[in-house]
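Asks: One structure, pasted below without further comment.
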Amino acid sequence: MISDDKPLGRPPMLQSKKSTHSFLSSTAGLNPASFLGTDATTAVTLASSDQAEIAIFEEGLGLAKTTLSRSSRSVSPQPSFMVLPPQLALDPLPFVELLHDFVNTSIAKTDDTYKGSKPFNILTETEEDIDESYLEEKVHISKKGEGFTAKLKQFFILSSAGKPIYSMNGDDDVLLGYSGLITTIVASFEDGTDLLFRSISQNGFRMVVMNKSPLILVAISRVSYELMLDLKLLESQLSSVYNYLLAVLSAPVITKSFHNRMNYDLRRVLSAQDLKTLDILTSMLTFGFSDTTDDENKSYTVDPSMFISSLLDDAVQCARLSSTLRAKLDDIFVSCKRLKVNLPQSEATPFLQGKLYTLETTKLLASDLLFAFLIYDNKIVSHLHPKTHCLENKDISTLLLMLSQLSPAGESKNVQEEPDLWFPICLARFNDSGFLHCYVRHLHLPNLSRPLTLLLLSGNKNSFFEMKQSANYIFAKICKSKTLSSSLPEELAQGYLPLTSVLKTPQVKHFIYKRRKANQYIMDPLTFSKDTFENIVDSMFILYLYTALSSSKSEEVRVGASMKKLTYTRWHLKEGFTGFLLADEKYELYCLCKGFVTSLVLIEQSLRIVNWCENYRKRLFIGPGVQF
Amino acid sequence: MSFAPSTTSVKLVLLGEAAVGKSSLVLRFVSNDFQENKEPTIGAAFLTQKCTVGDRTIKYEIWDTAGQERFASLAPMYYRNAQAALVVYDITKPASFIKARHWVKELHEQASKDITIALVGNKYDLVADDNDSDDSLRKVSMEEGKALAEEEGLLFFETSAKSSHNVNEVFVAIGSKIPEAKPVTEELGSRPGNVGRIDLSGPALRSNLSDCAC
């Protein structure tokens with residue numbers, strides 16, 4: 001089954017579309033992108049596919065495929081397959097065969113008794129029904145003392161002296177007891193040892209502590225899917241919370257505040273808005289939705305991407321854009337960085353002293369500019385950074401969180417009247433003791449529901465007008481370019497089309513594809529149409545399935561030179577779900593299918609996704625961004 | 001300066017406690033619009049708006065600052081070169097009036113000597129229908145406001161960004177107090193038309209910029 005004996009020792013040529021193209025171009029009705037995924041796979045795998053699966057076939061799979069899967073263990077004589085030169089044709093074979101073996105063994109191991117009719121609570125893995133009052137009791141953030149212990153998730157920020165600074169739920173009366181307890185546990189454990197207290201885990205309960213003296217951050221979870229994984233998920237959530245605190249205060253301010261008095265109340269320097277942002281952050285990180293209720297309207301924002309990002313090691317999402325357009329935007333960033341302005345005489349004089357013949361009359365406008373981003377709908381469109389420095393994804397996520405907390409864009413009717421925003425932000429991984437200054441402006445493009453947001457990060461707090469002028473330049477360049485002004489809105493709007501229908505993978509209901517090197521991911525856009533409650537439950541269900549998939553035991557197999565990681569899981573929930581994970585050193589693919597899909601279909605469609613994503617990786621991922 | 005009707009640029013800064021309505025006043029003045037439950041400002045927002053006062057056109061370059069305490073240390077950056085300041089309080093919140101006193105004091109000590117300051121009691125709409133009954137929402141009387149303004153030599157208005165009561169009047173009054181002799185300070189950031197080919201020559205501009213901290 002494991003093909004160590006493969007003579008060439010090469011990785012399977014999943015990305016060899018370019019070379020196969022010429023052979024296929026003569027074959028009517030086959031596009032090169034789908035070739036290796038579809039036909040080659042179909043051809044070899046017929047035999048090994050599971051007979052028992054036929055019974056579970058649902059509508060949508062034609063009779064043809066059903067009969068095909070009964071054919072015998074010989075290579076199907078498909079003409080398109082036969083015309084390939086041997087090395088090209090054979091390369092993917094061991095891998096595909098291997099996949100089938102793997103899936104079929106996995107299927108054999110799973111218990112196929114169907115339990116779909118019973119209610120299943122994804123939050124606790126019990127049979128308790130989730131309805132609105134259940135969410136109210138266990139999930140929604142409540143600052144009341146009563147009902148505090150019923151909540152499935154808790155976040156605390158305490159001072160080392162045990163003073164509560166922030167809590168996801170509960171009021172001060174309830175909190176005081178708990179924070180005393182927590183600080184006592186942490187202090188007595190760490191007292192006299194070099195060890196840091198990390199966590200307590202018990203059946204259905206986990207407490208993770210992050211000691212960032214003078215602060216202690218704590219996450220307590222009884223959410224089933226958060227307990228499936230190791231400590232990393234909750235630790236990543238805590239560091240997101242900590243990073244937000246640092247972003248608004250910076251490390252020296254926190255340390256200084258507690259320097260004189262250990263019982264200092266840090267809430268004095270945090271605003272109501274900061275606490276609200278922490279509520280949004282903690283709820284999004286755990287349940288994939290947040291309460292955005294104002295005085296009059298109850299409303300929730302449902303978006304599982306923050307959870308998924310921490311599940312995928314802080315991977316960030318990029319906006320889909322053709323590489324030509326992206327290159328044009330990158331060029332604008334770079335040219336902005338090189339833009340020279342004339343120096344007025346008053347400033348030119350210092351340069352004159354001693355060198356009368358060389359007049360220094362120009363300077364770089366954006367000399368203080370360090371990082372620049374174009375953001376659309378929380379996804380990165382283009383990014384500029386210095387050769388010597390990169391922003392870590394955690395910092396980028398903090399920046400995006402901050403951005404979402406600014407006044408909602410597009411509120412003024414007249415675009416001219418959009419304010420320029422200018423605020424300090426401490427990006428902890430970049431430098432936790434200083435502030436960068438962030439310039440933000442929105443550009444409203446025709447036919448787009450959301451604005452394109454420009455972020456310019458400067459190291460100099462006095463550089464507002466230079467940043468403003470750089471922004472004028474960048475926006476003018478975008479608007480003046482015929483290609484950009486017409487294609488950019490069009491392509492950004494296309495980012496909302498479901499990829500599974502573009503790729504013609506009807507069995508795959510949703511997928512996430514991550515490039516490991518850049519630590520960026522794309523996911524099929526989620527369309528929520530029903531009422532809010534349903535959306536919240538659906539979103540949590542997706543979190544449950546993906547977490548379960550990524551925490552399931554995976555098998556590692558060697559294919560040529562690369563190690564592939566495979567996971568196949570079935571859930572007997574609702575109408576039944578199949579999850580499939582395929583990863584190697586380059587990528588990770590997570591896909592979810594409704595019903596119990598045959599190995600034949602599953603492998604064909606997931607390889608098609610991998611091929612497509614690899615082929616269009618320049619369009620899907622921005623990579624490290626453009627340098628100056 | 002030229003004899004033609006000139007455009008005077010006026011740098012104006014808004015200061016005051018959080019949630020008194022600074023951004024709402026600006027939104028009313030710039031866009032003639034109002035939003036309930038506006039998000040708090042983070043850091044500061046920069047806007048411009050032209051306004052005709054008598055035969056002059058005044059171009060306001062407005063710094064709308066965040067009222068939250070943690071941004072207070074950044075305030076000098078915005079008011080240091082301002083020619084005008086609006087110190088805003090909420091007439092239903094006594095604490096915001098105390099904060100306004102502090103801002104006035106700080107401006108007199110730190111800002112340029114000839115700064116024009118207007119004291120603005122906002123949220124007049126909440127008390128507009130009151131007849132001085134005991135359950136009135138008003139917590140800062142008009143007399144208190146006036147007294148502070150007279151004592152410190154400030155302009156004084158009670159406004160409502162929601163109903164637009166007195167909003168334009170504040171800016172017109174500030175405009176007419178700004179001396180015409182002020183040099184035309186063409187701000188480099190405020191020339192959106194001049195993009196791509198940037199020429200910042202002119203001593204007035206640069207001297208103005210170099211000591212501008214915002």
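Naming scheme: A, B, ... for chains in displayed order of the structure tokens; residues 1 onward per chain; ligands 1 onward as shown.
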Got a sec: who's within 12 Å of region 183-190 of chain A, counting only C-alpha atoms, leaving out chain neighbours fewer than 2 positions off, as a compact mmCIF listing (two decimals) with all heavy atoms, in the first residue's frame?
Replies:
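Writing the result to result19.txt gives the following:
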# COMPACT_ATOMS: atom_id res chain seq x y z
N PHE A 156 -11.06 35.03 31.22
CA PHE A 156 -10.78 36.04 32.23
C PHE A 156 -9.45 36.71 31.94
O PHE A 156 -8.51 36.05 31.50
CB PHE A 156 -10.63 35.42 33.63
CG PHE A 156 -11.77 34.58 34.09
CD1 PHE A 156 -11.60 33.23 34.34
CD2 PHE A 156 -13.02 35.15 34.29
CE1 PHE A 156 -12.66 32.44 34.77
CE2 PHE A 156 -14.09 34.37 34.72
CZ PHE A 156 -13.90 33.01 34.96
N ILE A 157 -9.41 37.99 32.22
CA ILE A 157 -8.11 38.67 32.32
C ILE A 157 -8.05 39.19 33.74
O ILE A 157 -8.94 39.93 34.18
CB ILE A 157 -7.99 39.84 31.33
CG1 ILE A 157 -8.25 39.36 29.89
CG2 ILE A 157 -6.59 40.47 31.43
CD1 ILE A 157 -8.31 40.50 28.88
N LEU A 158 -7.04 38.75 34.48
CA LEU A 158 -6.89 39.16 35.87
C LEU A 158 -5.53 39.80 36.04
O LEU A 158 -4.62 39.56 35.26
CB LEU A 158 -6.95 37.94 36.80
CG LEU A 158 -8.00 36.88 36.52
CD1 LEU A 158 -7.69 35.64 37.33
CD2 LEU A 158 -9.37 37.42 36.88
N SER A 159 -5.43 40.60 37.08
CA SER A 159 -4.08 41.06 37.42
C SER A 159 -3.45 39.98 38.29
O SER A 159 -4.16 39.15 38.87
CB SER A 159 -4.14 42.39 38.17
OG SER A 159 -4.62 42.17 39.47
N SER A 160 -2.12 39.99 38.36
CA SER A 160 -1.45 38.95 39.16
C SER A 160 -1.92 38.98 40.60
O SER A 160 -1.86 37.98 41.31
CB SER A 160 0.07 39.16 39.12
OG SER A 160 0.50 38.99 37.80
N ALA A 161 -2.41 40.15 41.04
CA ALA A 161 -2.92 40.25 42.41
C ALA A 161 -4.34 39.72 42.52
O ALA A 161 -4.93 39.74 43.59
CB ALA A 161 -2.86 41.70 42.86
N GLY A 162 -4.91 39.30 41.42
CA GLY A 162 -6.24 38.70 41.48
C GLY A 162 -7.39 39.65 41.23
O GLY A 162 -8.55 39.32 41.47
N LYS A 163 -7.09 40.83 40.71
CA LYS A 163 -8.16 41.78 40.42
C LYS A 163 -8.73 41.51 39.03
O LYS A 163 -7.97 41.45 38.06
CB LYS A 163 -7.59 43.20 40.46
CG LYS A 163 -8.56 44.24 40.92
CD LYS A 163 -7.88 45.60 40.99
CE LYS A 163 -8.80 46.63 41.61
NZ LYS A 163 -8.58 46.84 43.01
N PRO A 164 -10.06 41.33 38.92
CA PRO A 164 -10.59 41.07 37.57
C PRO A 164 -10.49 42.30 36.67
O PRO A 164 -10.79 43.42 37.11
CB PRO A 164 -12.05 40.70 37.83
CG PRO A 164 -12.34 41.01 39.24
CD PRO A 164 -11.07 41.28 39.95
N LEU A 175 -17.12 37.19 40.11
CA LEU A 175 -15.75 37.02 39.63
C LEU A 175 -14.71 37.01 40.74
O LEU A 175 -13.73 36.27 40.66
CB LEU A 175 -15.40 38.14 38.66
CG LEU A 175 -16.10 38.03 37.32
CD1 LEU A 175 -15.76 39.24 36.47
CD2 LEU A 175 -15.63 36.76 36.62
N LEU A 176 -14.94 37.84 41.76
CA LEU A 176 -13.90 37.99 42.77
C LEU A 176 -13.47 36.65 43.35
O LEU A 176 -12.27 36.38 43.45
CB LEU A 176 -14.38 38.93 43.88
CG LEU A 176 -14.24 40.41 43.49
CD1 LEU A 176 -14.96 41.31 44.48
CD2 LEU A 176 -12.76 40.79 43.38
N GLY A 177 -14.47 35.81 43.68
CA GLY A 177 -14.15 34.50 44.24
C GLY A 177 -13.31 33.67 43.29
O GLY A 177 -12.25 33.13 43.66
N TYR A 178 -13.76 33.63 42.03
CA TYR A 178 -13.05 32.80 41.05
C TYR A 178 -11.65 33.32 40.77
O TYR A 178 -10.70 32.54 40.65
CB TYR A 178 -13.84 32.74 39.74
CG TYR A 178 -15.04 31.85 39.82
CD1 TYR A 178 -16.29 32.37 40.11
CD2 TYR A 178 -14.92 30.48 39.61
CE1 TYR A 178 -17.40 31.56 40.20
CE2 TYR A 178 -16.01 29.66 39.70
CZ TYR A 178 -17.26 30.19 39.99
OH TYR A 178 -18.35 29.38 40.07
N SER A 179 -11.52 34.65 40.68
CA SER A 179 -10.19 35.16 40.34
C SER A 179 -9.22 34.91 41.49
O SER A 179 -8.04 34.61 41.25
CB SER A 179 -10.23 36.62 39.93
OG SER A 179 -11.06 37.36 40.78
N GLY A 180 -9.74 34.99 42.73
CA GLY A 180 -8.89 34.66 43.87
C GLY A 180 -8.41 33.22 43.78
O GLY A 180 -7.22 32.92 43.96
N LEU A 181 -9.34 32.35 43.44
CA LEU A 181 -9.03 30.92 43.33
C LEU A 181 -7.97 30.67 42.26
O LEU A 181 -6.98 29.98 42.48
CB LEU A 181 -10.33 30.18 43.00
CG LEU A 181 -10.32 28.66 43.08
CD1 LEU A 181 -10.03 28.23 44.51
CD2 LEU A 181 -11.66 28.12 42.62
N GLY A 192 8.32 28.73 43.69
CA GLY A 192 9.46 27.87 43.97
C GLY A 192 9.80 26.89 42.86
O GLY A 192 10.72 26.11 42.99
N THR A 193 9.06 26.91 41.76
CA THR A 193 9.42 26.04 40.64
C THR A 193 9.72 26.91 39.43
O THR A 193 9.34 28.08 39.39
CB THR A 193 8.28 25.08 40.26
OG1 THR A 193 7.21 25.86 39.73
CG2 THR A 193 7.81 24.27 41.44
N ASP A 194 10.37 26.31 38.47
CA ASP A 194 10.62 27.05 37.24
C ASP A 194 9.51 26.81 36.23
O ASP A 194 9.56 27.26 35.10
CB ASP A 194 11.95 26.60 36.61
CG ASP A 194 13.12 27.09 37.43
OD1 ASP A 194 12.91 28.06 38.18
OD2 ASP A 194 14.21 26.50 37.33
N LEU A 195 8.54 26.03 36.67
CA LEU A 195 7.51 25.63 35.72
C LEU A 195 6.42 26.69 35.63
O LEU A 195 6.16 27.41 36.57
CB LEU A 195 6.88 24.32 36.17
CG LEU A 195 7.86 23.16 36.31
CD1 LEU A 195 7.20 22.00 37.03
CD2 LEU A 195 8.34 22.73 34.94
N LEU A 196 5.82 26.76 34.44
CA LEU A 196 4.68 27.64 34.27
C LEU A 196 3.42 26.78 34.33
O LEU A 196 3.38 25.68 33.79
CB LEU A 196 4.74 28.34 32.92
CG LEU A 196 5.64 29.56 32.82
CD1 LEU A 196 5.56 30.13 31.42
CD2 LEU A 196 5.23 30.61 33.83
N PHE A 197 2.43 27.30 35.00
CA PHE A 197 1.18 26.58 35.05
C PHE A 197 0.49 26.70 33.70
O PHE A 197 0.29 27.81 33.21
CB PHE A 197 0.30 27.19 36.15
CG PHE A 197 -1.00 26.50 36.32
CD1 PHE A 197 -1.11 25.41 37.15
CD2 PHE A 197 -2.13 26.94 35.63
CE1 PHE A 197 -2.32 24.76 37.28
CE2 PHE A 197 -3.33 26.29 35.77
CZ PHE A 197 -3.43 25.20 36.60
N ARG A 198 0.12 25.60 33.11
CA ARG A 198 -0.49 25.69 31.78
C ARG A 198 -1.97 25.33 31.74
O ARG A 198 -2.76 26.06 31.18
CB ARG A 198 0.25 24.79 30.79
CG ARG A 198 1.40 25.47 30.10
CD ARG A 198 2.05 24.53 29.14
NE ARG A 198 1.46 24.60 27.82
CZ ARG A 198 1.71 23.70 26.87
NH1 ARG A 198 2.49 22.69 27.10
NH2 ARG A 198 1.16 23.81 25.69
N SER A 199 -2.31 24.19 32.32
CA SER A 199 -3.72 23.81 32.15
C SER A 199 -4.16 22.75 33.14
O SER A 199 -3.33 22.06 33.75
CB SER A 199 -3.95 23.26 30.75
OG SER A 199 -3.41 21.96 30.67
N ILE A 200 -5.46 22.66 33.29
CA ILE A 200 -6.08 21.54 34.00
C ILE A 200 -7.10 20.95 33.04
O ILE A 200 -7.92 21.69 32.49
CB ILE A 200 -6.84 22.02 35.26
CG1 ILE A 200 -5.91 22.74 36.23
CG2 ILE A 200 -7.53 20.85 35.95
CD1 ILE A 200 -6.65 23.31 37.44
N MET A 207 -9.13 24.05 31.57
CA MET A 207 -8.77 25.43 31.91
C MET A 207 -7.33 25.65 31.45
O MET A 207 -6.44 24.89 31.80
CB MET A 207 -8.87 25.64 33.42
CG MET A 207 -8.36 26.99 33.87
SD MET A 207 -8.76 27.28 35.60
CE MET A 207 -7.13 27.28 36.30
N VAL A 208 -7.13 26.68 30.65
CA VAL A 208 -5.79 26.98 30.16
C VAL A 208 -5.40 28.36 30.67
O VAL A 208 -6.21 29.30 30.63
CB VAL A 208 -5.74 26.93 28.62
CG1 VAL A 208 -4.39 27.39 28.11
CG2 VAL A 208 -6.03 25.53 28.13
N VAL A 209 -4.20 28.47 31.17
CA VAL A 209 -3.74 29.71 31.78
C VAL A 209 -2.51 30.23 31.04
O VAL A 209 -1.64 29.46 30.63
CB VAL A 209 -3.37 29.47 33.26
CG1 VAL A 209 -2.73 30.71 33.87
CG2 VAL A 209 -4.61 29.06 34.05
N MET A 210 -2.48 31.53 30.86
CA MET A 210 -1.32 32.15 30.24
C MET A 210 -0.85 33.22 31.22
O MET A 210 -1.56 34.18 31.48
CB MET A 210 -1.79 32.79 28.94
CG MET A 210 -0.73 33.16 27.99
SD MET A 210 -1.63 33.72 26.52
CE MET A 210 -0.31 34.06 25.49
N ASN A 211 0.31 33.00 31.77
CA ASN A 211 0.80 33.93 32.78
C ASN A 211 1.70 34.97 32.14
O ASN A 211 2.82 34.69 31.76
CB ASN A 211 1.56 33.15 33.86
CG ASN A 211 1.78 33.99 35.09
OD1 ASN A 211 1.63 35.22 35.05
ND2 ASN A 211 2.11 33.34 36.20
N LYS A 212 1.16 36.18 31.99
CA LYS A 212 1.92 37.27 31.38
C LYS A 212 2.06 38.35 32.42
O LYS A 212 1.49 39.43 32.30
CB LYS A 212 1.17 37.81 30.15
CG LYS A 212 1.08 36.84 29.00
CD LYS A 212 2.35 36.84 28.19
CE LYS A 212 2.23 35.88 27.02
NZ LYS A 212 3.52 35.71 26.33
N SER A 213 2.76 38.04 33.47
CA SER A 213 2.87 38.94 34.60
C SER A 213 3.13 40.37 34.09
O SER A 213 3.96 40.57 33.21
CB SER A 213 4.04 38.49 35.48
OG SER A 213 4.15 39.35 36.56
N PRO A 214 2.40 41.36 34.58
CA PRO A 214 1.46 41.39 35.71
C PRO A 214 0.03 40.97 35.39
O PRO A 214 -0.87 41.27 36.16
CB PRO A 214 1.50 42.86 36.11
CG PRO A 214 1.73 43.59 34.82
CD PRO A 214 2.58 42.69 33.99
N LEU A 215 -0.17 40.28 34.27
CA LEU A 215 -1.52 39.83 33.94
C LEU A 215 -1.58 38.31 33.90
O LEU A 215 -0.59 37.65 33.60
CB LEU A 215 -1.97 40.37 32.59
CG LEU A 215 -2.02 41.88 32.39
CD1 LEU A 215 -2.48 42.19 30.98
CD2 LEU A 215 -2.97 42.51 33.40
N ILE A 216 -2.76 37.78 34.20
CA ILE A 216 -3.01 36.36 34.01
C ILE A 216 -4.22 36.23 33.10
O ILE A 216 -5.25 36.87 33.36
CB ILE A 216 -3.30 35.65 35.36
CG1 ILE A 216 -2.07 35.73 36.26
CG2 ILE A 216 -3.70 34.20 35.13
CD1 ILE A 216 -2.31 35.14 37.64
N LEU A 217 -4.07 35.48 32.03
CA LEU A 217 -5.20 35.27 31.14
C LEU A 217 -5.65 33.82 31.26
O LEU A 217 -4.82 32.91 31.30
CB LEU A 217 -4.82 35.58 29.69
CG LEU A 217 -4.48 37.05 29.43
CD1 LEU A 217 -2.99 37.26 29.45
CD2 LEU A 217 -5.06 37.50 28.12
N VAL A 218 -6.96 33.63 31.32
CA VAL A 218 -7.49 32.30 31.55
C VAL A 218 -8.62 32.01 30.56
O VAL A 218 -9.46 32.87 30.31
CB VAL A 218 -8.07 32.18 32.99
CG1 VAL A 218 -8.51 30.76 33.26
CG2 VAL A 218 -7.06 32.63 34.01
Asks: Identify, with DSSP run on backbone atoms, the residues in region 484-522 of chain A assigned to helix (DSSP H, G or I), and express the list as a ChimeraX atom specification.
Replies: /A:484-494,499-502
Asks: Could you save the residues just selected, with N, CA and C atoms, as a short mmCIF file (atom, residue, chain, number, x, y, z; two decimals), in the first residue's frame?
Replies:
data_model
loop_
_atom_site.label_atom_id
_atom_site.label_comp_id
_atom_site.auth_asym_id
_atom_site.auth_seq_id
_atom_site.Cartn_x
_atom_site.Cartn_y
_atom_site.Cartn_z
N LEU A 484 -7.74 48.42 -13.64
CA LEU A 484 -8.08 48.28 -12.22
C LEU A 484 -9.50 48.76 -11.94
N SER A 485 -9.83 49.94 -12.47
CA SER A 485 -11.13 50.48 -12.08
C SER A 485 -12.28 49.64 -12.61
N SER A 486 -12.06 48.91 -13.70
CA SER A 486 -13.17 48.08 -14.17
C SER A 486 -13.10 46.65 -13.63
N SER A 487 -11.89 46.08 -13.63
CA SER A 487 -11.82 44.65 -13.26
C SER A 487 -11.77 44.41 -11.76
N LEU A 488 -11.23 45.36 -11.03
CA LEU A 488 -11.08 45.12 -9.60
C LEU A 488 -12.42 44.89 -8.89
N PRO A 489 -13.41 45.77 -9.10
CA PRO A 489 -14.71 45.51 -8.45
C PRO A 489 -15.32 44.20 -8.92
N GLU A 490 -15.18 43.95 -10.22
CA GLU A 490 -15.77 42.74 -10.79
C GLU A 490 -15.18 41.49 -10.13
N GLU A 491 -13.85 41.47 -10.06
CA GLU A 491 -13.20 40.28 -9.51
C GLU A 491 -13.45 40.12 -8.01
N LEU A 492 -13.48 41.25 -7.31
CA LEU A 492 -13.73 41.15 -5.87
C LEU A 492 -15.14 40.63 -5.61
N ALA A 493 -16.09 41.05 -6.44
CA ALA A 493 -17.47 40.58 -6.27
C ALA A 493 -17.57 39.09 -6.56
N GLN A 494 -16.73 38.62 -7.49
CA GLN A 494 -16.75 37.20 -7.83
C GLN A 494 -16.28 36.31 -6.68
N LEU A 499 -17.20 28.24 -4.56
CA LEU A 499 -16.17 27.58 -5.35
C LEU A 499 -16.57 26.17 -5.74
N THR A 500 -17.35 25.53 -4.86
CA THR A 500 -17.72 24.15 -5.16
C THR A 500 -18.53 24.08 -6.45
N SER A 501 -19.26 25.16 -6.78
CA SER A 501 -20.00 25.10 -8.04
C SER A 501 -19.10 25.50 -9.20
N VAL A 502 -18.16 26.41 -8.96
CA VAL A 502 -17.19 26.77 -10.00
C VAL A 502 -16.38 25.54 -10.39
#
Asks: As an exercise, work out the distance from CA of Ile536 (chain A) to CA of Leu234 (chain A) in Å and give it to one decimal place.
Replies: 20.7 Å
Asks: So, with only C-alpha atoms as the atoms that count, which of A:Ile512, A:Leu364, A:Leu123, A:Leu592 lies closest to chain B?
Replies: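 Looking at the shortest contact to chain B, the residue is A:Leu364.
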Asks: Could you build a table of the residues in region 25-111 of chain B lying no more than 7 Å from region 152-173 of chain B, giving for each the nearest pair of atoms and their separation in Å rounded to one decimal place, using only C-alpha atoms, ordered by chain and ascending residue number, as JSON lines?
Replies:
{"residue": "B:Leu25", "atom": "CA", "partner": "B:Ala161", "partner_atom": "CA", "distance": 5.0}
{"residue": "B:Arg28", "atom": "CA", "partner": "B:Ala161", "partner_atom": "CA", "distance": 5.9}
{"residue": "B:Phe29", "atom": "CA", "partner": "B:Asn168", "partner_atom": "CA", "distance": 6.3}
{"residue": "B:Phe34", "atom": "CA", "partner": "B:Lys162", "partner_atom": "CA", "distance": 5.9}
{"residue": "B:Val53", "atom": "CA", "partner": "B:Val172", "partner_atom": "CA", "distance": 6.0}
Asks: Can you tell me which residues surround Ala82 (chain B) at a distance of at most 6 Å, considering only C-alpha atoms, apart from same-chain residues fewer than 3 positions away, and format the answer as a VMD selection string?
Replies: chain B and resid 11 to 12 79
Asks: Could you take the residues named above and write them with all heavy atoms, as a short mmCIF file (atom, residue, chain, number, x, y, z; two decimals), in the first residue's frame?
Replies:
data_model
loop_
_atom_site.label_atom_id
_atom_site.label_comp_id
_atom_site.auth_asym_id
_atom_site.auth_seq_id
_atom_site.Cartn_x
_atom_site.Cartn_y
_atom_site.Cartn_z
N LYS B 11 -7.38 75.38 11.09
CA LYS B 11 -7.23 74.08 11.74
C LYS B 11 -8.04 74.10 13.01
O LYS B 11 -7.86 74.97 13.86
CB LYS B 11 -5.77 73.85 12.12
CG LYS B 11 -4.88 73.64 10.96
CD LYS B 11 -3.46 73.76 11.46
CE LYS B 11 -2.52 73.55 10.32
NZ LYS B 11 -1.63 72.44 10.56
N LEU B 12 -8.91 73.12 13.11
CA LEU B 12 -9.83 73.09 14.23
C LEU B 12 -9.78 71.72 14.89
O LEU B 12 -9.70 70.69 14.21
CB LEU B 12 -11.23 73.39 13.71
CG LEU B 12 -12.39 73.49 14.69
CD1 LEU B 12 -13.38 74.54 14.21
CD2 LEU B 12 -13.10 72.16 14.85
N TYR B 79 -3.89 69.60 18.95
CA TYR B 79 -4.24 71.00 19.22
C TYR B 79 -3.05 71.93 19.16
O TYR B 79 -3.20 73.15 19.18
CB TYR B 79 -5.00 71.14 20.56
CG TYR B 79 -4.25 70.81 21.84
CD1 TYR B 79 -3.11 71.54 22.22
CD2 TYR B 79 -4.69 69.80 22.69
CE1 TYR B 79 -2.44 71.26 23.40
CE2 TYR B 79 -4.03 69.51 23.88
CZ TYR B 79 -2.90 70.24 24.22
OH TYR B 79 -2.24 69.96 25.39
#
Asks: What does the distance from CA of Ser167 (chain A) to CA of Leu312 (chain A) come to in Å, to one decimal?
Replies: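 Atom-to-atom, CA of Ser167 (chain A) and CA of Leu312 (chain A) are spaced 25.9 Å apart.
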Asks: Enumerate as number ranges by chain all residues of region 36-189 of chain B assigned to strand (DSSP E) by DSSP on the backbone, naming them with the chain letters and numbers the document uses.
Replies: B: 44-53, 56-65, 84-90, 116-122, 155-158
Asks: Could you state the separation of CA of Val13 (chain B) and CA of Ala85 (chain B) in Å, given to one decimal place?
Replies: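 For CA of Val13 (chain B) relative to CA of Ala85 (chain B), the distance reads 4.7 Å.
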Asks: Looking at B:Ser24, B:Ser112, B:Ser176, B:Thr7, which one is nearest to chain A, with distances taken over only C-alpha atoms?
Replies: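 Looking only at the distances to chain A, the closest residue turns out to be B:Ser24.
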Asks: When you count only C-alpha atoms, which of these residues is closest to chain A: B:Cys51, B:Val120, B:Leu74, B:Val10?
Replies: B:Leu74
Asks: Which one is closest to chain A: B:Gly21, B:Gly54, B:Gly16, B:Gly67? Count only C-alpha atoms.
Replies: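 Ranked by minimum distance to chain A, first place goes to B:Gly67.
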Asks: Compile the contact shell of Gln110 (chain B) as a list in words: residues with an atom at most 10 Å away, counting only C-alpha atoms, same-chain residues fewer than 5 positions apart removed.
Replies: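 Listing them by chain and then by number gives Pro76, Tyr79, Arg80, Val104 and Lys105 of chain B.
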Asks: Kindly export the residues of the current selection with N, CA and C atoms, as a PDB file, in the first residue's frame.
Replies:
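result_31.pdb, freshly written:
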ATOM      1  N   PRO B  76      -2.223  66.674  22.482  1.00  0.00           N
ATOM      2  CA  PRO B  76      -1.367  67.826  22.122  1.00  0.00           C
ATOM      3  C   PRO B  76      -0.946  67.813  20.654  1.00  0.00           C
ATOM      4  N   TYR B  79      -3.893  69.596  18.949  1.00  0.00           N
ATOM      5  CA  TYR B  79      -4.245  70.998  19.223  1.00  0.00           C
ATOM      6  C   TYR B  79      -3.046  71.932  19.158  1.00  0.00           C
ATOM      7  N   ARG B  80      -1.840  71.415  19.068  1.00  0.00           N
ATOM      8  CA  ARG B  80      -0.659  72.255  19.176  1.00  0.00           C
ATOM      9  C   ARG B  80      -0.679  73.406  18.170  1.00  0.00           C
ATOM     10  N   VAL B 104     -10.263  73.131  28.684  1.00  0.00           N
ATOM     11  CA  VAL B 104     -10.081  74.570  28.475  1.00  0.00           C
ATOM     12  C   VAL B 104      -8.781  75.024  29.133  1.00  0.00           C
ATOM     13  N   LYS B 105      -8.584  74.523  30.344  1.00  0.00           N
ATOM     14  CA  LYS B 105      -7.378  74.878  31.082  1.00  0.00           C
ATOM     15  C   LYS B 105      -6.131  74.422  30.316  1.00  0.00           C
TER      16      LYS B 105
END
